[in-house]
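Scroll down for the structure; my scribbles are underneath it.
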Amino acid sequence: MASEPVKLSSKEDYASFIDKFDTFMFDCDGVLWHDEVLVPGAVQVLEHLRALKKKIIFVTNNATKSRKNYKKKFDRLGVQAEVDEVFGSAYASAVYISSVLNLPKDEKVYVIGQAGLEDELDEEGIQHIGGTDPADKTFEPFDITKFERDPKVSVVLAGLDTAINFTKLAKAMQYLTRNSNCRFLATNEDSTYPVGGGQFLPGAGSISAPLRYITKTDPVSIGKPNQAMMDTIKAKHHFDPKRTVMVGDRLDTDIVFGNKGGCSTLLVLTGVAKEIDLLPEHDPPVLPDFIVNSLGDLAVLKN
């Protein structure tokens, strides 16, 4: 980690920066796009990196989409990407449950999350309940006397769920407090996520927060900045951390993730973090090695 981040601002800066690395890891929201709107110039930068034979890996904490569905978003926005280049916290969570927890085939996961998270659990052959089940997507009062607790649930997995409600929290609470040795996992703990125009919405961390308060227990968080996500990437791709850079818009997830993984880091200012957040009085969790106003600024190299 640099004691003082290097601000990239010229064509020479950009070229020198790219020459330092063979592998580029990119966050997506706030770096490549805001919701359905591309960051200007971002596609051209990725095309330039591919032309230079650089390895590209996309690392997102978005757990609402499976890798296959995320690939559809890349296609829709005109961004070249292969499924095996995309690593989301939904996929990493499923791999963690199957390969690290070695969840027995007869045990189940109670899901707070959306279809993409369920898709990745299905890919790993993991049984699950909750999630998009219509019985859980209700605003009717929760009647605990009618709740049939499934004794086979041994994991509660909380991700971003835009249909979060009292019933889901109540069921998750019952499993965590009444099923013996039930594990509490979170896909990631982002407090918010950017949607463009300087606007933000509650992130997955806001979904697991009530359960943390209820159970007085912190979940094992799988996504950035945690090692589980890096281990998932390393299982699929060989790269030298010293020749790798993590590009992101959040200090507490992207930049910490790259730093923990022994990679260099580039902070873009098109998402959550701003330069003022790097000042000592704001107590940043870590400083990036490099800063640039926008990833799209590097597009001048393709001209």
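Each chain in the structure tokens gets a letter, A, B and so on, in the order shown; residues start at 1 in every chain, and ligands are counted from 1 in the order they appear.
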As an NGL selection string, please: every residue in stretch 23-258 of chain A that DSSP puts in helix (DSSP H, G or I).
:A and (42-51 or 67-77 or 83-85 or 89-100 or 115-123 or 144-146 or 166-178 or 205-215 or 227-234 or 241-243 or 251-258)
Nearest residue to A:Met229 from the set A:Leu267, A:Ala170, A:Ala94, A:Val245 (distances using only C-alpha atoms)
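The closest residue to A:Met229 is A:Ala94.
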When distances are computed from only C-alpha atoms, which of A:Asn303, A:Asn69, A:Thr187, A:Thr244 shows the smallest separation from A:Asp161?
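That would be A:Thr187, the residue with the smallest distance to A:Asp161.
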Point out the residue among A:Gln127, A:Ser264, A:Ser10, A:Thr232 with the least atom-to-atom distance to A:Gly88, counting only C-alpha atoms.
A:Thr232
Distance query A:Asp283 at most 12 Å, only C-alpha atoms, self and fewer than 5 positions along chain excluded, as a PyMOL selection string
chain A and resi 251-252+276-278
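Computed from the coordinates, the atom CA of A:Lys11 to atom CA of A:Asp297 distance equals 8.8 Å.
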